[in-house]
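A.B. asks: Please see the structure below; I have some questions.
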Amino acid sequence: MSRFWSPFVKDLVPYVPGEQPKVTDLVKLNTNENPYGPSPRAIEAISAAADDTLRLYPDPDGAALKAVIAEYYQVAAEQVFVGNGSDEVLAHVFHGLFARDSQHPLLFPDITYSFYPVYCGLYGIPYEAIPLAEDFQIRVADFKGINGGIIFPNPNAPTGRFLPLSEIERLLSINTETVVVVDEAYVDFGGESAIALVDKFPNLLVTQTLSKSRSLAGLRVGFAVGSAELIEGLERIKNSFNSYPLDRLALAGAVASFEDEAYFQQTRDAVIAERERLSGALVVLGFEVLPSAANFLFCRHPEFDAAALAAGLREQKVIVRHFKQARIEQFLRITVGTASQNNRLLEVLASLVSAKT
Ligand SMILES: *Cc1c(COP(=O)(O)O)cnc(C)c1O
């Protein structure tokens, strides 16, 4: 707290990201990073871009990256927006496409990405959290009525549950007057992308990131696909904020990542296979595991307190995420690691759940 802060700054409730520990000997399964490295071609492209041209500003429009994304998803380049991580893309979305100072709240699930209410606080957007069903599925019928916009991740975070495209289409057919955003940070691990629907619904915006399925969390690249009119709105915000959100290295690495489809599929498939193995092994240990279409599992043990399990894991240098939030305080969110990281997690969990309390 400082007397130099405006009252607005005093009242902000910032997002708290998962821990990025300084020590390196941890099994780090807490922030849904990819356990495999990025495409070697992306690393080469980044190295090649680290030359004398760094004295020049990057392309403010990120045209080369927009072109590869447009080609990859079979949309027009005017339907693509790029930004410094999808968090920045989402910030511009909240800033420019959702209703501010309105009577009509933005709608999102009660259990979801905890950055959404933070952006609402930053940009003065009223919101209403819509309860998920008992089984943590999104009930599309509850997202209706006059609203200031709708946003949800698909697969949802931190549940990992996936909503089929037919349900998203149903939601769009009853919400045509405000912007509907599908945050597809995890879609590559098992969902169907709603990008297939953007030409049909001009109010649909789909956001994605290179942080999870493309192993480039450290590079900070995210993007959105939607109608040209939504993208133009985002460009207006971006060009009023920072002309160069993506630097030369990020643009080079991101383009090369999209050009290495074989590596992308191979590592994505490895994460999915490990997810299924880990899920089965957790069930054997007595955990209830939600079905996941993401690169993490959301699970609980009926006899052991989740916070105590997280603390016990941490003592053994395994870190997972635990949220102190109503409805989910007995759950752990575990990022799928490599086979050996997952084995270490299972080994420690086995010792914790066999030790009688
Ligand atoms: C990780 C994540 C993001 C942010 O990704 P970045 O591109 O790294 O900023 C956005 N939404 C959800 C649901 C996420 O889990």
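Labels for the structure tokens follow display order: chains A, B, ..., residues from 1 in each chain, ligands from 1.
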Please give me, as an mmCIF file with all heavy atoms, in the first residue's frame, the residues lying within 10 Å of ligand 1 when counting only C-alpha atoms and all ligand atoms.

C.D. replies:
```
data_model
loop_
_atom_site.group_PDB
_atom_site.id
_atom_site.type_symbol
_atom_site.label_atom_id
_atom_site.label_comp_id
_atom_site.auth_asym_id
_atom_site.auth_seq_id
_atom_site.Cartn_x
_atom_site.Cartn_y
_atom_site.Cartn_z
ATOM 1 N N PRO A 17 -0.513 -16.027 -10.177
ATOM 2 C CA PRO A 17 -0.145 -17.182 -11.004
ATOM 3 C C PRO A 17 0.433 -18.304 -10.153
ATOM 4 O O PRO A 17 0.901 -18.067 -9.037
ATOM 5 C CB PRO A 17 0.906 -16.632 -11.966
ATOM 6 C CG PRO A 17 1.396 -15.355 -11.391
ATOM 7 C CD PRO A 17 0.400 -14.888 -10.367
ATOM 8 N N THR A 31 1.534 -25.754 -13.152
ATOM 9 C CA THR A 31 1.045 -24.655 -14.011
ATOM 10 C C THR A 31 0.758 -25.080 -15.458
ATOM 11 O O THR A 31 0.714 -24.229 -16.359
ATOM 12 C CB THR A 31 2.019 -23.447 -14.020
ATOM 13 O OG1 THR A 31 3.331 -23.916 -14.315
ATOM 14 C CG2 THR A 31 2.040 -22.704 -12.695
ATOM 15 N N ASN A 32 0.527 -26.371 -15.651
ATOM 16 C CA ASN A 32 0.081 -26.870 -16.959
ATOM 17 C C ASN A 32 1.010 -26.553 -18.116
ATOM 18 O O ASN A 32 0.580 -26.435 -19.264
ATOM 19 C CB ASN A 32 -1.338 -26.358 -17.273
ATOM 20 C CG ASN A 32 -2.348 -26.870 -16.271
ATOM 21 O OD1 ASN A 32 -2.066 -27.818 -15.534
ATOM 22 N ND2 ASN A 32 -3.513 -26.273 -16.242
ATOM 23 N N GLU A 33 2.304 -26.427 -17.797
ATOM 24 C CA GLU A 33 3.271 -26.316 -18.892
ATOM 25 C C GLU A 33 3.432 -27.689 -19.536
ATOM 26 O O GLU A 33 3.100 -28.716 -18.945
ATOM 27 C CB GLU A 33 4.631 -25.847 -18.336
ATOM 28 C CG GLU A 33 4.626 -24.377 -17.937
ATOM 29 C CD GLU A 33 5.291 -24.121 -16.603
ATOM 30 O OE1 GLU A 33 5.271 -25.029 -15.743
ATOM 31 O OE2 GLU A 33 5.819 -23.009 -16.417
ATOM 32 N N GLY A 83 -1.205 -11.787 -29.938
ATOM 33 C CA GLY A 83 -0.826 -10.975 -28.784
ATOM 34 C C GLY A 83 0.199 -11.657 -27.899
ATOM 35 O O GLY A 83 0.583 -12.815 -28.141
ATOM 36 N N ASN A 84 0.634 -10.924 -26.886
ATOM 37 C CA ASN A 84 1.676 -11.376 -25.967
ATOM 38 C C ASN A 84 1.092 -12.366 -24.949
ATOM 39 O O ASN A 84 0.796 -12.022 -23.807
ATOM 40 C CB ASN A 84 2.265 -10.145 -25.267
ATOM 41 C CG ASN A 84 3.509 -10.474 -24.480
ATOM 42 O OD1 ASN A 84 3.455 -10.695 -23.288
ATOM 43 N ND2 ASN A 84 4.625 -10.522 -25.156
ATOM 44 N N GLY A 85 0.917 -13.597 -25.397
ATOM 45 C CA GLY A 85 0.243 -14.600 -24.576
ATOM 46 C C GLY A 85 -1.249 -14.423 -24.715
ATOM 47 O O GLY A 85 -1.732 -13.322 -25.020
ATOM 48 N N SER A 86 -2.017 -15.516 -24.505
ATOM 49 C CA SER A 86 -3.465 -15.317 -24.639
ATOM 50 C C SER A 86 -4.000 -14.493 -23.483
ATOM 51 O O SER A 86 -5.060 -13.892 -23.595
ATOM 52 C CB SER A 86 -4.220 -16.629 -24.834
ATOM 53 O OG SER A 86 -4.049 -17.490 -23.767
ATOM 54 N N ASP A 87 -3.260 -14.406 -22.377
ATOM 55 C CA ASP A 87 -3.709 -13.515 -21.302
ATOM 56 C C ASP A 87 -3.822 -12.070 -21.796
ATOM 57 O O ASP A 87 -4.773 -11.368 -21.465
ATOM 58 C CB ASP A 87 -2.752 -13.570 -20.103
ATOM 59 C CG ASP A 87 -2.957 -14.827 -19.261
ATOM 60 O OD1 ASP A 87 -4.027 -15.460 -19.369
ATOM 61 O OD2 ASP A 87 -2.037 -15.169 -18.496
ATOM 62 N N GLU A 88 -2.864 -11.627 -22.602
ATOM 63 C CA GLU A 88 -2.964 -10.264 -23.125
ATOM 64 C C GLU A 88 -4.114 -10.149 -24.124
ATOM 65 O O GLU A 88 -4.853 -9.156 -24.130
ATOM 66 C CB GLU A 88 -1.654 -9.828 -23.798
ATOM 67 C CG GLU A 88 -1.733 -8.367 -24.214
ATOM 68 C CD GLU A 88 -0.555 -7.951 -25.080
ATOM 69 O OE1 GLU A 88 -0.529 -8.307 -26.268
ATOM 70 O OE2 GLU A 88 0.331 -7.274 -24.549
ATOM 71 N N VAL A 89 -4.265 -11.184 -24.951
ATOM 72 C CA VAL A 89 -5.386 -11.179 -25.901
ATOM 73 C C VAL A 89 -6.706 -11.083 -25.121
ATOM 74 O O VAL A 89 -7.588 -10.279 -25.447
ATOM 75 C CB VAL A 89 -5.357 -12.451 -26.781
ATOM 76 C CG1 VAL A 89 -6.590 -12.528 -27.667
ATOM 77 C CG2 VAL A 89 -4.076 -12.501 -27.620
ATOM 78 N N LEU A 90 -6.811 -11.871 -24.040
ATOM 79 C CA LEU A 90 -8.027 -11.846 -23.219
ATOM 80 C C LEU A 90 -8.223 -10.467 -22.581
ATOM 81 O O LEU A 90 -9.344 -9.965 -22.501
ATOM 82 C CB LEU A 90 -7.971 -12.926 -22.134
ATOM 83 C CG LEU A 90 -8.093 -14.368 -22.639
ATOM 84 C CD1 LEU A 90 -7.756 -15.361 -21.528
ATOM 85 C CD2 LEU A 90 -9.497 -14.640 -23.183
ATOM 86 N N ALA A 91 -7.145 -9.850 -22.132
ATOM 87 C CA ALA A 91 -7.266 -8.514 -21.532
ATOM 88 C C ALA A 91 -7.887 -7.547 -22.540
ATOM 89 O O ALA A 91 -8.791 -6.779 -22.206
ATOM 90 C CB ALA A 91 -5.897 -8.007 -21.077
ATOM 91 N N THR A 112 -13.829 -21.703 -12.861
ATOM 92 C CA THR A 112 -13.217 -21.434 -14.161
ATOM 93 C C THR A 112 -11.875 -20.744 -13.979
ATOM 94 O O THR A 112 -11.354 -20.655 -12.865
ATOM 95 C CB THR A 112 -14.180 -20.615 -15.053
ATOM 96 O OG1 THR A 112 -13.739 -20.693 -16.404
ATOM 97 C CG2 THR A 112 -14.249 -19.142 -14.645
ATOM 98 N N TYR A 113 -11.325 -20.248 -15.068
ATOM 99 C CA TYR A 113 -10.027 -19.569 -15.048
ATOM 100 C C TYR A 113 -10.140 -18.325 -14.166
ATOM 101 O O TYR A 113 -10.947 -17.431 -14.432
ATOM 102 C CB TYR A 113 -9.660 -19.194 -16.479
ATOM 103 C CG TYR A 113 -8.260 -18.653 -16.682
ATOM 104 C CD1 TYR A 113 -7.179 -19.116 -15.935
ATOM 105 C CD2 TYR A 113 -8.020 -17.691 -17.658
ATOM 106 C CE1 TYR A 113 -5.895 -18.626 -16.151
ATOM 107 C CE2 TYR A 113 -6.742 -17.203 -17.890
ATOM 108 C CZ TYR A 113 -5.686 -17.662 -17.127
ATOM 109 O OH TYR A 113 -4.425 -17.189 -17.353
ATOM 110 N N SER A 114 -9.295 -18.241 -13.144
ATOM 111 C CA SER A 114 -9.491 -17.183 -12.152
ATOM 112 C C SER A 114 -8.984 -15.813 -12.604
ATOM 113 O O SER A 114 -9.081 -14.843 -11.862
ATOM 114 C CB SER A 114 -8.877 -17.580 -10.814
ATOM 115 O OG SER A 114 -7.563 -18.033 -10.995
ATOM 116 N N PHE A 115 -8.485 -15.728 -13.830
ATOM 117 C CA PHE A 115 -8.135 -14.411 -14.363
ATOM 118 C C PHE A 115 -9.386 -13.624 -14.794
ATOM 119 O O PHE A 115 -9.370 -12.389 -14.842
ATOM 120 C CB PHE A 115 -7.177 -14.526 -15.548
ATOM 121 C CG PHE A 115 -6.023 -13.542 -15.499
ATOM 122 C CD1 PHE A 115 -4.721 -13.961 -15.750
ATOM 123 C CD2 PHE A 115 -6.230 -12.194 -15.206
ATOM 124 C CE1 PHE A 115 -3.655 -13.065 -15.700
ATOM 125 C CE2 PHE A 115 -5.171 -11.299 -15.162
ATOM 126 C CZ PHE A 115 -3.885 -11.737 -15.411
ATOM 127 N N TYR A 116 -10.486 -14.317 -15.110
ATOM 128 C CA TYR A 116 -11.662 -13.593 -15.637
ATOM 129 C C TYR A 116 -12.183 -12.527 -14.665
ATOM 130 O O TYR A 116 -12.368 -11.379 -15.058
ATOM 131 C CB TYR A 116 -12.777 -14.560 -16.046
ATOM 132 C CG TYR A 116 -12.415 -15.579 -17.106
ATOM 133 C CD1 TYR A 116 -13.138 -16.772 -17.223
ATOM 134 C CD2 TYR A 116 -11.380 -15.367 -18.013
ATOM 135 C CE1 TYR A 116 -12.833 -17.718 -18.195
ATOM 136 C CE2 TYR A 116 -11.060 -16.317 -18.983
ATOM 137 C CZ TYR A 116 -11.799 -17.492 -19.072
ATOM 138 O OH TYR A 116 -11.501 -18.435 -20.024
ATOM 139 N N PHE A 152 -15.934 -18.670 -21.482
ATOM 140 C CA PHE A 152 -15.597 -19.890 -20.733
ATOM 141 C C PHE A 152 -14.469 -20.606 -21.471
ATOM 142 O O PHE A 152 -14.350 -20.484 -22.684
ATOM 143 C CB PHE A 152 -16.817 -20.822 -20.593
ATOM 144 C CG PHE A 152 -17.423 -21.244 -21.901
ATOM 145 C CD1 PHE A 152 -17.036 -22.407 -22.532
ATOM 146 C CD2 PHE A 152 -18.377 -20.434 -22.525
ATOM 147 C CE1 PHE A 152 -17.586 -22.777 -23.759
ATOM 148 C CE2 PHE A 152 -18.926 -20.790 -23.756
ATOM 149 C CZ PHE A 152 -18.528 -21.970 -24.365
ATOM 150 N N PRO A 153 -13.624 -21.321 -20.721
ATOM 151 C CA PRO A 153 -12.600 -22.105 -21.387
ATOM 152 C C PRO A 153 -13.206 -23.439 -21.847
ATOM 153 O O PRO A 153 -14.094 -23.978 -21.198
ATOM 154 C CB PRO A 153 -11.558 -22.369 -20.283
ATOM 155 C CG PRO A 153 -11.982 -21.541 -19.109
ATOM 156 C CD PRO A 153 -13.451 -21.351 -19.255
ATOM 157 N N ASN A 154 -12.729 -23.945 -22.952
ATOM 158 C CA ASN A 154 -13.151 -25.272 -23.415
ATOM 159 C C ASN A 154 -11.959 -26.003 -24.012
ATOM 160 O O ASN A 154 -11.486 -25.588 -25.053
ATOM 161 C CB ASN A 154 -14.277 -25.143 -24.446
ATOM 162 C CG ASN A 154 -14.973 -26.482 -24.653
ATOM 163 O OD1 ASN A 154 -15.152 -27.246 -23.706
ATOM 164 N ND2 ASN A 154 -15.321 -26.787 -25.883
ATOM 165 N N PRO A 155 -11.493 -27.077 -23.354
ATOM 166 C CA PRO A 155 -11.888 -27.623 -22.067
ATOM 167 C C PRO A 155 -11.809 -26.569 -20.952
ATOM 168 O O PRO A 155 -10.961 -25.677 -21.008
ATOM 169 C CB PRO A 155 -10.870 -28.731 -21.814
ATOM 170 C CG PRO A 155 -10.296 -29.071 -23.147
ATOM 171 C CD PRO A 155 -10.383 -27.825 -23.958
ATOM 172 N N ASN A 156 -12.694 -26.727 -19.948
ATOM 173 C CA ASN A 156 -12.708 -25.773 -18.841
ATOM 174 C C ASN A 156 -11.478 -25.990 -17.955
ATOM 175 O O ASN A 156 -10.923 -27.085 -17.887
ATOM 176 C CB ASN A 156 -13.994 -25.945 -18.025
ATOM 177 C CG ASN A 156 -14.273 -24.763 -17.088
ATOM 178 O OD1 ASN A 156 -13.584 -23.738 -17.129
ATOM 179 N ND2 ASN A 156 -15.268 -24.910 -16.247
ATOM 180 N N ALA A 157 -11.054 -24.916 -17.306
ATOM 181 C CA ALA A 157 -9.979 -24.991 -16.320
ATOM 182 C C ALA A 157 -10.572 -24.546 -14.992
ATOM 183 O O ALA A 157 -11.334 -23.587 -14.975
ATOM 184 C CB ALA A 157 -8.847 -24.046 -16.719
ATOM 185 N N PRO A 158 -10.260 -25.188 -13.884
ATOM 186 C CA PRO A 158 -9.323 -26.299 -13.739
ATOM 187 C C PRO A 158 -9.962 -27.692 -13.805
ATOM 188 O O PRO A 158 -9.352 -28.653 -13.362
ATOM 189 C CB PRO A 158 -8.768 -26.054 -12.329
ATOM 190 C CG PRO A 158 -9.949 -25.521 -11.565
ATOM 191 C CD PRO A 158 -10.767 -24.733 -12.564
ATOM 192 N N GLY A 160 -10.964 -29.516 -16.557
ATOM 193 C CA GLY A 160 -10.567 -30.351 -17.695
ATOM 194 C C GLY A 160 -11.744 -30.851 -18.523
ATOM 195 O O GLY A 160 -11.556 -31.519 -19.531
ATOM 196 N N VAL A 182 -14.746 -18.315 -26.518
ATOM 197 C CA VAL A 182 -14.351 -19.653 -26.097
ATOM 198 C C VAL A 182 -12.826 -19.649 -25.967
ATOM 199 O O VAL A 182 -12.114 -19.440 -26.953
ATOM 200 C CB VAL A 182 -14.825 -20.731 -27.100
ATOM 201 C CG1 VAL A 182 -14.490 -22.121 -26.575
ATOM 202 C CG2 VAL A 182 -16.326 -20.620 -27.350
ATOM 203 N N ASP A 183 -12.353 -19.828 -24.749
ATOM 204 C CA ASP A 183 -10.920 -19.789 -24.439
ATOM 205 C C ASP A 183 -10.380 -21.217 -24.587
ATOM 206 O O ASP A 183 -10.561 -22.060 -23.718
ATOM 207 C CB ASP A 183 -10.769 -19.251 -23.013
ATOM 208 C CG ASP A 183 -9.334 -19.257 -22.487
ATOM 209 O OD1 ASP A 183 -8.438 -19.805 -23.157
ATOM 210 O OD2 ASP A 183 -9.132 -18.705 -21.387
ATOM 211 N N GLU A 184 -9.732 -21.452 -25.718
ATOM 212 C CA GLU A 184 -9.302 -22.824 -26.040
ATOM 213 C C GLU A 184 -7.826 -23.063 -25.710
ATOM 214 O O GLU A 184 -7.081 -23.654 -26.501
ATOM 215 C CB GLU A 184 -9.587 -23.117 -27.518
ATOM 216 C CG GLU A 184 -11.073 -23.154 -27.830
ATOM 217 C CD GLU A 184 -11.392 -23.605 -29.253
ATOM 218 O OE1 GLU A 184 -10.477 -23.635 -30.103
ATOM 219 O OE2 GLU A 184 -12.569 -23.926 -29.512
ATOM 220 N N ALA A 185 -7.401 -22.653 -24.514
ATOM 221 C CA ALA A 185 -6.003 -22.846 -24.119
ATOM 222 C C ALA A 185 -5.588 -24.326 -24.189
ATOM 223 O O ALA A 185 -4.419 -24.630 -24.424
ATOM 224 C CB ALA A 185 -5.778 -22.301 -22.710
ATOM 225 N N TYR A 186 -6.566 -25.234 -23.976
ATOM 226 C CA TYR A 186 -6.232 -26.665 -23.886
ATOM 227 C C TYR A 186 -6.850 -27.512 -24.996
ATOM 228 O O TYR A 186 -6.797 -28.733 -24.939
ATOM 229 C CB TYR A 186 -6.700 -27.208 -22.526
ATOM 230 C CG TYR A 186 -6.065 -26.480 -21.374
ATOM 231 C CD1 TYR A 186 -6.776 -25.523 -20.655
ATOM 232 C CD2 TYR A 186 -4.736 -26.712 -21.024
ATOM 233 C CE1 TYR A 186 -6.186 -24.822 -19.614
ATOM 234 C CE2 TYR A 186 -4.137 -26.017 -19.992
ATOM 235 C CZ TYR A 186 -4.861 -25.073 -19.290
ATOM 236 O OH TYR A 186 -4.273 -24.387 -18.265
ATOM 237 N N VAL A 187 -7.441 -26.868 -25.986
ATOM 238 C CA VAL A 187 -8.277 -27.623 -26.939
ATOM 239 C C VAL A 187 -7.491 -28.688 -27.704
ATOM 240 O O VAL A 187 -8.042 -29.725 -28.083
ATOM 241 C CB VAL A 187 -9.001 -26.655 -27.905
ATOM 242 C CG1 VAL A 187 -8.054 -26.133 -28.979
ATOM 243 C CG2 VAL A 187 -10.227 -27.304 -28.508
ATOM 244 N N THR A 207 -10.096 -17.971 -28.535
ATOM 245 C CA THR A 207 -8.705 -17.636 -28.214
ATOM 246 C C THR A 207 -7.908 -18.920 -27.988
ATOM 247 O O THR A 207 -8.442 -19.931 -27.533
ATOM 248 C CB THR A 207 -8.599 -16.750 -26.949
ATOM 249 O OG1 THR A 207 -9.117 -17.468 -25.834
ATOM 250 C CG2 THR A 207 -9.368 -15.459 -27.113
ATOM 251 N N GLN A 208 -6.651 -18.877 -28.370
ATOM 252 C CA GLN A 208 -5.748 -20.016 -28.151
ATOM 253 C C GLN A 208 -4.374 -19.487 -27.739
ATOM 254 O O GLN A 208 -4.105 -18.290 -27.831
ATOM 255 C CB GLN A 208 -5.634 -20.879 -29.409
ATOM 256 C CG GLN A 208 -6.895 -21.688 -29.699
ATOM 257 C CD GLN A 208 -6.661 -22.833 -30.677
ATOM 258 O OE1 GLN A 208 -5.521 -23.182 -30.989
ATOM 259 N NE2 GLN A 208 -7.741 -23.416 -31.172
ATOM 260 N N THR A 209 -3.536 -20.415 -27.314
ATOM 261 C CA THR A 209 -2.204 -20.045 -26.842
ATOM 262 C C THR A 209 -1.168 -21.039 -27.355
ATOM 263 O O THR A 209 -1.491 -22.196 -27.623
ATOM 264 C CB THR A 209 -2.170 -20.022 -25.300
ATOM 265 O OG1 THR A 209 -0.828 -19.775 -24.873
ATOM 266 C CG2 THR A 209 -2.630 -21.340 -24.686
ATOM 267 N N LEU A 210 0.068 -20.596 -27.477
ATOM 268 C CA LEU A 210 1.165 -21.513 -27.804
ATOM 269 C C LEU A 210 1.847 -22.007 -26.528
ATOM 270 O O LEU A 210 2.828 -22.735 -26.573
ATOM 271 C CB LEU A 210 2.195 -20.834 -28.717
ATOM 272 C CG LEU A 210 1.841 -20.821 -30.223
ATOM 273 C CD1 LEU A 210 0.649 -19.923 -30.520
ATOM 274 C CD2 LEU A 210 3.027 -20.413 -31.072
ATOM 275 N N SER A 211 1.306 -21.612 -25.361
ATOM 276 C CA SER A 211 1.951 -21.938 -24.087
ATOM 277 C C SER A 211 1.800 -23.394 -23.671
ATOM 278 O O SER A 211 2.663 -23.921 -22.972
ATOM 279 C CB SER A 211 1.373 -21.076 -22.965
ATOM 280 O OG SER A 211 1.602 -19.716 -23.193
ATOM 281 N N LYS A 212 0.704 -24.038 -24.037
ATOM 282 C CA LYS A 212 0.448 -25.378 -23.527
ATOM 283 C C LYS A 212 0.809 -26.442 -24.564
ATOM 284 O O LYS A 212 1.836 -27.084 -24.449
ATOM 285 C CB LYS A 212 -1.015 -25.510 -23.109
ATOM 286 C CG LYS A 212 -1.539 -24.848 -21.822
ATOM 287 C CD LYS A 212 -1.025 -23.620 -21.319
ATOM 288 C CE LYS A 212 -1.469 -23.059 -20.010
ATOM 289 N NZ LYS A 212 -2.627 -22.188 -19.997
ATOM 290 N N SER A 215 4.262 -25.900 -26.162
ATOM 291 C CA SER A 215 5.430 -25.832 -25.252
ATOM 292 C C SER A 215 6.176 -24.510 -25.279
ATOM 293 O O SER A 215 7.390 -24.491 -25.112
ATOM 294 C CB SER A 215 6.456 -26.928 -25.603
ATOM 295 O OG SER A 215 5.893 -28.178 -25.563
ATOM 296 N N LEU A 216 5.480 -23.413 -25.530
ATOM 297 C CA LEU A 216 6.180 -22.131 -25.637
ATOM 298 C C LEU A 216 5.678 -21.118 -24.606
ATOM 299 O O LEU A 216 5.591 -19.917 -24.897
ATOM 300 C CB LEU A 216 6.040 -21.578 -27.067
ATOM 301 C CG LEU A 216 6.860 -22.313 -28.129
ATOM 302 C CD1 LEU A 216 6.441 -21.886 -29.548
ATOM 303 C CD2 LEU A 216 8.362 -22.082 -27.946
ATOM 304 N N ALA A 217 5.417 -21.582 -23.381
ATOM 305 C CA ALA A 217 4.920 -20.666 -22.339
ATOM 306 C C ALA A 217 5.894 -19.509 -22.113
ATOM 307 O O ALA A 217 5.481 -18.381 -21.837
ATOM 308 C CB ALA A 217 4.678 -21.424 -21.037
ATOM 309 N N GLY A 218 7.200 -19.799 -22.259
ATOM 310 C CA GLY A 218 8.201 -18.764 -22.017
ATOM 311 C C GLY A 218 8.307 -17.737 -23.129
ATOM 312 O O GLY A 218 8.953 -16.699 -22.959
ATOM 313 N N LEU A 219 7.700 -18.020 -24.286
ATOM 314 C CA LEU A 219 7.828 -17.093 -25.424
ATOM 315 C C LEU A 219 6.722 -16.044 -25.434
ATOM 316 O O LEU A 219 6.897 -14.967 -25.993
ATOM 317 C CB LEU A 219 7.803 -17.897 -26.732
ATOM 318 C CG LEU A 219 8.413 -17.265 -27.976
ATOM 319 C CD1 LEU A 219 9.906 -17.036 -27.822
ATOM 320 C CD2 LEU A 219 8.138 -18.111 -29.213
ATOM 321 N N ARG A 220 5.591 -16.357 -24.788
ATOM 322 C CA ARG A 220 4.422 -15.474 -24.674
ATOM 323 C C ARG A 220 3.775 -15.172 -26.028
ATOM 324 O O ARG A 220 3.926 -14.080 -26.582
ATOM 325 C CB ARG A 220 4.773 -14.147 -23.955
ATOM 326 C CG ARG A 220 5.549 -14.275 -22.659
ATOM 327 C CD ARG A 220 4.859 -15.174 -21.632
ATOM 328 N NE ARG A 220 3.527 -14.757 -21.304
ATOM 329 C CZ ARG A 220 2.456 -15.587 -21.329
ATOM 330 N NH1 ARG A 220 2.590 -16.854 -21.656
ATOM 331 N NH2 ARG A 220 1.275 -15.146 -21.011
ATOM 332 N N VAL A 221 3.064 -16.146 -26.545
ATOM 333 C CA VAL A 221 2.326 -15.936 -27.787
ATOM 334 C C VAL A 221 0.923 -16.521 -27.652
ATOM 335 O O VAL A 221 0.755 -17.688 -27.285
ATOM 336 C CB VAL A 221 3.022 -16.589 -29.005
ATOM 337 C CG1 VAL A 221 2.258 -16.254 -30.292
ATOM 338 C CG2 VAL A 221 4.475 -16.139 -29.120
ATOM 339 N N GLY A 222 -0.070 -15.709 -27.935
ATOM 340 C CA GLY A 222 -1.450 -16.172 -27.969
ATOM 341 C C GLY A 222 -2.143 -15.551 -29.162
ATOM 342 O O GLY A 222 -1.610 -14.631 -29.789
ATOM 343 N N PHE A 223 -3.329 -16.066 -29.489
ATOM 344 C CA PHE A 223 -4.038 -15.485 -30.640
ATOM 345 C C PHE A 223 -5.540 -15.681 -30.498
ATOM 346 O O PHE A 223 -6.004 -16.412 -29.620
ATOM 347 C CB PHE A 223 -3.527 -16.086 -31.965
ATOM 348 C CG PHE A 223 -3.718 -17.585 -32.125
ATOM 349 C CD1 PHE A 223 -4.826 -18.091 -32.794
ATOM 350 C CD2 PHE A 223 -2.782 -18.477 -31.621
ATOM 351 C CE1 PHE A 223 -4.986 -19.472 -32.954
ATOM 352 C CE2 PHE A 223 -2.939 -19.851 -31.780
ATOM 353 C CZ PHE A 223 -4.048 -20.351 -32.451
ATOM 354 N N ALA A 294 -7.791 -32.160 -21.342
ATOM 355 C CA ALA A 294 -6.719 -31.159 -21.267
ATOM 356 C C ALA A 294 -5.381 -31.835 -20.946
ATOM 357 O O ALA A 294 -5.258 -33.061 -21.031
ATOM 358 C CB ALA A 294 -7.079 -30.118 -20.212
ATOM 359 N N ASN A 295 -4.368 -31.063 -20.556
ATOM 360 C CA ASN A 295 -3.077 -31.659 -20.195
ATOM 361 C C ASN A 295 -2.904 -31.674 -18.672
ATOM 362 O O ASN A 295 -1.792 -31.594 -18.163
ATOM 363 C CB ASN A 295 -1.908 -30.908 -20.861
ATOM 364 C CG ASN A 295 -1.748 -29.490 -20.324
ATOM 365 O OD1 ASN A 295 -2.689 -28.918 -19.789
ATOM 366 N ND2 ASN A 295 -0.560 -28.937 -20.469
#
```

A.B. asks: Report as JSON lines the residues of stretch 290-345 of chain A within 10 Å of stretch 272-279 of chain A, each with its shortest atom pair and distance in Å (one decimal), using only C-alpha atoms, ordered by chain and increasing residue number.

C.D. replies:
```
{"residue": "A:Leu290", "atom": "CA", "partner": "A:Ser279", "partner_atom": "CA", "distance": 8.8}
{"residue": "A:Pro291", "atom": "CA", "partner": "A:Ser279", "partner_atom": "CA", "distance": 8.6}
{"residue": "A:Ser292", "atom": "CA", "partner": "A:Arg275", "partner_atom": "CA", "distance": 8.2}
{"residue": "A:Ala293", "atom": "CA", "partner": "A:Ile272", "partner_atom": "CA", "distance": 8.3}
{"residue": "A:Ala294", "atom": "CA", "partner": "A:Ile272", "partner_atom": "CA", "distance": 8.1}
{"residue": "A:Asn295", "atom": "CA", "partner": "A:Arg275", "partner_atom": "CA", "distance": 6.9}
{"residue": "A:Phe296", "atom": "CA", "partner": "A:Arg275", "partner_atom": "CA", "distance": 7.2}
{"residue": "A:Leu297", "atom": "CA", "partner": "A:Ser279", "partner_atom": "CA", "distance": 7.2}
{"residue": "A:Phe298", "atom": "CA", "partner": "A:Ser279", "partner_atom": "CA", "distance": 9.4}
{"residue": "A:Cys299", "atom": "CA", "partner": "A:Ser279", "partner_atom": "CA", "distance": 8.9}
{"residue": "A:Ile334", "atom": "CA", "partner": "A:Leu278", "partner_atom": "CA", "distance": 9.8}
{"residue": "A:Thr335", "atom": "CA", "partner": "A:Arg275", "partner_atom": "CA", "distance": 8.8}
{"residue": "A:Val336", "atom": "CA", "partner": "A:Arg275", "partner_atom": "CA", "distance": 5.8}
{"residue": "A:Gly337", "atom": "CA", "partner": "A:Glu274", "partner_atom": "CA", "distance": 7.6}
{"residue": "A:Thr338", "atom": "CA", "partner": "A:Glu274", "partner_atom": "CA", "distance": 7.3}
{"residue": "A:Ala339", "atom": "CA", "partner": "A:Glu274", "partner_atom": "CA", "distance": 6.6}
{"residue": "A:Asn342", "atom": "CA", "partner": "A:Leu278", "partner_atom": "CA", "distance": 6.8}
{"residue": "A:Asn343", "atom": "CA", "partner": "A:Leu278", "partner_atom": "CA", "distance": 8.4}
{"residue": "A:Leu345", "atom": "CA", "partner": "A:Leu278", "partner_atom": "CA", "distance": 9.5}
```

A.B. asks: List as a PyMOL selection string the protein and nucleic acid residues near A:Asp25, meaning an atom at most 10 Å away when only C-alpha atoms are counted, but skip any in the same chain fewer than 4 places from it.

C.D. replies: chain A and resi 21+317-318

A.B. asks: Please tabulate, as JSON lines, the residues of stretch 79-98 of chain A that come within 7 Å of stretch 229-236 of chain A, each with its closest pair of atoms and the distance in Å to one decimal, counting only C-alpha atoms and ordering rows by chain, then residue number upward.

C.D. replies:
```
{"residue": "A:Gln79", "atom": "CA", "partner": "A:Ile231", "partner_atom": "CA", "distance": 6.0}
{"residue": "A:Val80", "atom": "CA", "partner": "A:Ile231", "partner_atom": "CA", "distance": 6.6}
{"residue": "A:Phe81", "atom": "CA", "partner": "A:Ile231", "partner_atom": "CA", "distance": 6.0}
{"residue": "A:His92", "atom": "CA", "partner": "A:Leu234", "partner_atom": "CA", "distance": 6.2}
{"residue": "A:Val93", "atom": "CA", "partner": "A:Leu234", "partner_atom": "CA", "distance": 6.6}
{"residue": "A:Gly96", "atom": "CA", "partner": "A:Leu234", "partner_atom": "CA", "distance": 6.6}
```
